[in-house]
>>> print(open('my_file.txt').read())   # compact mmCIF, C-alpha atoms
# COMPACT_ATOMS: atom_id res chain seq x y z
CA MET A 84 72.06 50.37 145.77
CA GLY A 85 74.30 51.18 142.96
CA LYS A 86 75.54 54.39 141.52
CA ARG A 87 73.88 55.72 138.37
CA LYS A 88 75.95 55.69 135.28
CA SER A 89 76.59 59.20 134.03
CA SER A 90 76.36 59.69 130.36
CA LYS A 91 79.50 61.17 128.97
CA LYS A 92 79.16 63.97 126.50
CA PRO A 93 80.93 63.36 123.26
CA PRO A 94 84.03 65.53 122.83
CA PRO A 95 83.60 68.58 120.62
CA LYS A 96 84.47 68.01 117.03
CA GLY A 97 87.82 69.58 116.34
CA GLY A 98 87.04 71.56 113.23
CA LYS A 99 89.56 74.03 111.95
CA SER A 100 88.95 77.69 112.60
CA ALA A 101 88.30 80.03 109.71
CA PRO A 102 91.37 80.48 107.52
CA LEU A 103 93.28 83.73 107.86
CA ASP A 104 93.20 86.27 105.06
CA LYS A 105 95.94 86.24 102.48
CA SER A 106 94.88 89.38 100.59
CA PHE A 107 94.47 92.75 102.29
CA ARG A 108 93.47 96.39 101.81
CA CYS A 109 96.27 98.68 100.64
CA LEU A 110 97.31 101.38 103.11
CA PHE A 111 98.06 103.88 100.36
CA CYS A 112 95.48 103.44 97.59
CA GLU A 113 92.71 102.07 99.89
CA HIS A 114 91.70 99.29 97.45
CA THR A 115 90.44 96.12 99.13
CA GLY A 116 92.01 92.78 98.28
CA THR A 117 94.84 94.21 96.18
CA VAL A 118 97.70 93.48 98.58
CA SER A 119 99.04 89.94 98.49
CA CYS A 120 101.69 88.37 100.66
CA LYS A 121 104.52 86.12 99.51
CA MET A 122 106.27 84.19 102.29
CA ASP A 123 109.79 82.89 101.71
CA VAL A 124 110.61 80.92 104.86
CA LYS A 125 113.99 79.72 103.57
CA ASN A 126 115.25 83.28 103.14
CA GLY A 127 113.27 84.54 106.15
CA THR A 128 111.40 87.30 104.29
CA GLY A 129 107.76 88.14 103.78
CA ARG A 130 106.80 90.57 101.02
CA MET A 131 103.56 92.54 100.71
CA ASP A 132 102.76 93.86 97.19
CA CYS A 133 99.86 96.05 96.02
CA LYS A 134 98.65 95.22 92.52
CA ASP A 135 97.17 98.70 91.92
CA CYS A 136 99.66 101.26 93.23
CA GLY A 137 102.83 99.13 93.25
CA LYS A 138 103.74 99.79 96.91
CA HIS A 139 105.56 96.98 98.67
CA PHE A 140 106.91 96.08 102.09
CA VAL A 141 109.46 93.46 103.15
CA ALA A 142 109.70 92.06 106.69
CA GLU A 143 111.70 89.38 108.44
CA ILE A 144 109.73 86.21 109.18
CA HIS A 145 110.17 82.80 110.78
CA HIS A 146 108.39 79.47 110.47
CA LEU A 147 105.41 80.56 112.66
CA THR A 148 104.73 83.87 110.88
CA GLU A 149 101.46 84.25 108.98
CA PRO A 150 100.59 86.80 106.25
CA ILE A 151 98.48 88.79 108.73
CA ASP A 152 101.60 89.25 110.88
CA VAL A 153 103.52 90.79 107.97
CA TYR A 154 100.55 93.07 107.20
CA SER A 155 100.44 94.17 110.86
CA GLU A 156 104.16 94.98 110.76
CA TRP A 157 103.55 97.05 107.62
CA ILE A 158 100.83 99.04 109.39
CA ASP A 159 103.08 99.62 112.42
CA HIS A 160 105.99 100.67 110.22
CA THR A 161 103.93 103.23 108.26
CA GLU A 162 102.51 104.70 111.49
CA GLU A 163 106.02 105.09 112.89
CA VAL A 164 107.26 106.77 109.71
CA ASN A 165 104.27 109.14 109.74
CA LYS A 166 104.92 110.11 113.36
CA ARG A 167 108.55 110.94 112.58
CA ALA A 168 107.58 112.93 109.47
CA LEU A 169 105.01 115.17 111.19
CA PRO A 170 106.21 118.42 112.77
CA PRO A 171 105.75 118.81 116.54
CA PRO A 172 102.28 120.00 117.55
CA ARG A 173 101.79 123.76 117.87
CA LYS A 174 101.01 125.43 121.12
CA ALA A 175 97.33 126.09 121.64
CA GLU A 176 96.31 129.44 120.24
CA LYS A 177 93.97 131.76 122.05
CA LYS A 178 90.41 131.16 121.05
CA ARG A 179 88.54 134.04 119.49
CA PRO A 180 85.11 134.91 120.83
CA ALA A 181 82.39 133.09 118.94
CA ALA A 182 80.05 136.11 118.87
CA VAL A 183 82.15 138.08 116.38
CA ASP A 184 82.16 136.98 112.74
CA TYR A 185 85.67 137.44 111.36
CA SER A 186 84.79 136.35 107.85
CA ASP A 187 84.01 139.86 106.58
CA GLU A 188 87.13 141.98 106.96
CA GLU A 189 85.42 145.28 106.08
CA ASP A 190 82.92 144.86 108.90
CA LEU A 191 85.74 144.11 111.30
CA ASN A 192 87.63 147.24 110.24
CA GLU A 193 84.45 149.31 110.63
CA ILE A 194 83.94 147.92 114.12
CA GLY A 195 87.52 148.87 114.99
CA ARG A 196 87.08 152.40 113.60
CA ASN A 197 83.85 152.91 115.55
CA LYS A 198 85.52 151.75 118.76
CA LYS A 199 88.43 154.15 118.22
CA ARG A 200 85.96 157.01 117.63
CA ARG A 201 84.04 156.17 120.81
CA ASP A 202 87.27 156.03 122.82
CA ALA A 203 88.42 159.37 121.37
CA VAL A 204 85.10 161.04 122.23
CA GLU A 205 85.23 159.63 125.76
CA ASP A 206 88.81 160.88 126.14
CA GLU A 207 87.75 164.36 124.96
CA ASP A 208 84.89 164.35 127.45
CA ASP A 209 87.33 163.42 130.22
CA VAL A 210 89.73 166.16 129.13
CA ASP A 211 86.92 168.72 128.98
CA GLY A 212 85.71 167.63 132.41
CA GLU A 213 89.23 167.91 133.83
CA ARG A 214 89.65 171.38 132.30
CA GLU A 215 86.41 172.58 133.85
CA GLU A 216 87.43 171.22 137.25
CA ALA A 217 90.84 172.93 137.01
CA ILE A 218 89.22 176.27 136.06
CA GLU A 219 86.77 175.90 138.94
CA ARG A 220 89.61 175.21 141.39
CA ARG A 221 91.49 178.32 140.19
CA ARG A 222 88.39 180.48 140.65
CA ASN A 223 87.95 179.14 144.18
CA VAL A 224 91.60 179.85 144.98
CA VAL A 225 91.33 183.39 143.59
CA GLU A 226 88.09 184.05 145.50
CA ASP A 227 89.65 182.69 148.70
CA ASP A 228 92.65 185.00 148.22
CA GLU A 229 90.38 188.01 147.72
CA ASP A 230 88.38 187.15 150.81
CA ASP A 231 91.58 186.95 152.92
CA ASP A 232 92.61 190.53 151.93
>>> encode(input="my_file.txt", output="C-alpha cells")
Amino acid sequence: MGKRKSSKKPPPKGGKSAPLDKSFRCLFCEHTGTVSCKMDVKNGTGRMDCKDCGKHFVAEIHHLTEPIDVYSEWIDHTEEVNKRALPPPRKAEKKRPAAVDYSDEEDLNEIGRNKKRRDAVEDEDDVDGEREEAIERRRNVVEDDEDDD
C-alpha cells in the first residue's frame, strides 16, 4: 500500500500591513491630524510641526526611522521636561475629620468658643471641688487637734 498524498496548503498571501500614520494629534493644542512629520534622511533630522499652534520638534533619525518614532520621541521629551519643571511632591498633610464642615468659618469659630466655655466651666468646677476638699481637710485637722487637747 502506498502513502496518501497530503494536500499542501497554499502559502498565505503576503499583503502589506496597514500603513503607519503620518499625521498626529498635537500634544499642546490637542487638535487631531494637525502635526505632520518631515523626514530628511540625508541630514539625519526629523521635524514635527503643528499647523494650528506652531509648535515643532526636531529629532535625530536614521534610514530605518518612521514618523511614528519621531512622534514618540517628542512625547518622551515633553514628559521629561514636565518632570523636571514640577516642584518635588509635598509631604502628606494630616487629614481633617470628615464629620466637621470647615466651609463656614463662623460656625467653626462658634464651635471653638463653645468648647473654650465648656472647658472653662469644667475647670471652675474642678477648682471649686478642690477648694471644698481643702476646707474640709482643714476642718478635720482642727477638730482632731481639739480632740487631742
>>> atom_distance(input="my_file.txt", atom1="atom CA of A:Thr115", atom2="atom CA of A:Arg167")
27.0 Å
>>> atom_distance(input="my_file.txt", atom1="atom CA of A:Tyr154", atom2="atom CA of A:Met131")
7.2 Å
>>> atom_distance(input="my_file.txt", atom1="atom CA of A:Gly116", atom2="atom CA of A:Glu149")
16.6 Å
>>> residues_around(input="my_file.txt", residues="A:Lys125", least_positions_apart="6", cutoff="12 Å", atoms="only C-alpha atoms", output="list in words")
Glu143, Ile144, His145 and His146 of chain A
>>> closest_residue(input="my_file.txt", among="A:Glu216, A:Ala142, A:Leu110, A:Arg173", to="A:Gly127", atoms="all atoms listed in the file")
A:Ala142
>>> residues_near_point(input="my_file.txt", point="(100.7, 94.7, 95.5)", cutoff="12 Å", atoms="all atoms listed in the file", output="ChimeraX atom specification")
/A:105-121,130-141,154
>>> axis_aligned_box(input="my_file.txt", around="stretch 135-154 of chain A", padding_each_side="5 Å", output="AutoDock Vina command-line options")
--center_x 104.4 --center_y 90.4 --center_z 102.3 --size_x 24.5 --size_y 31.8 --size_z 30.7
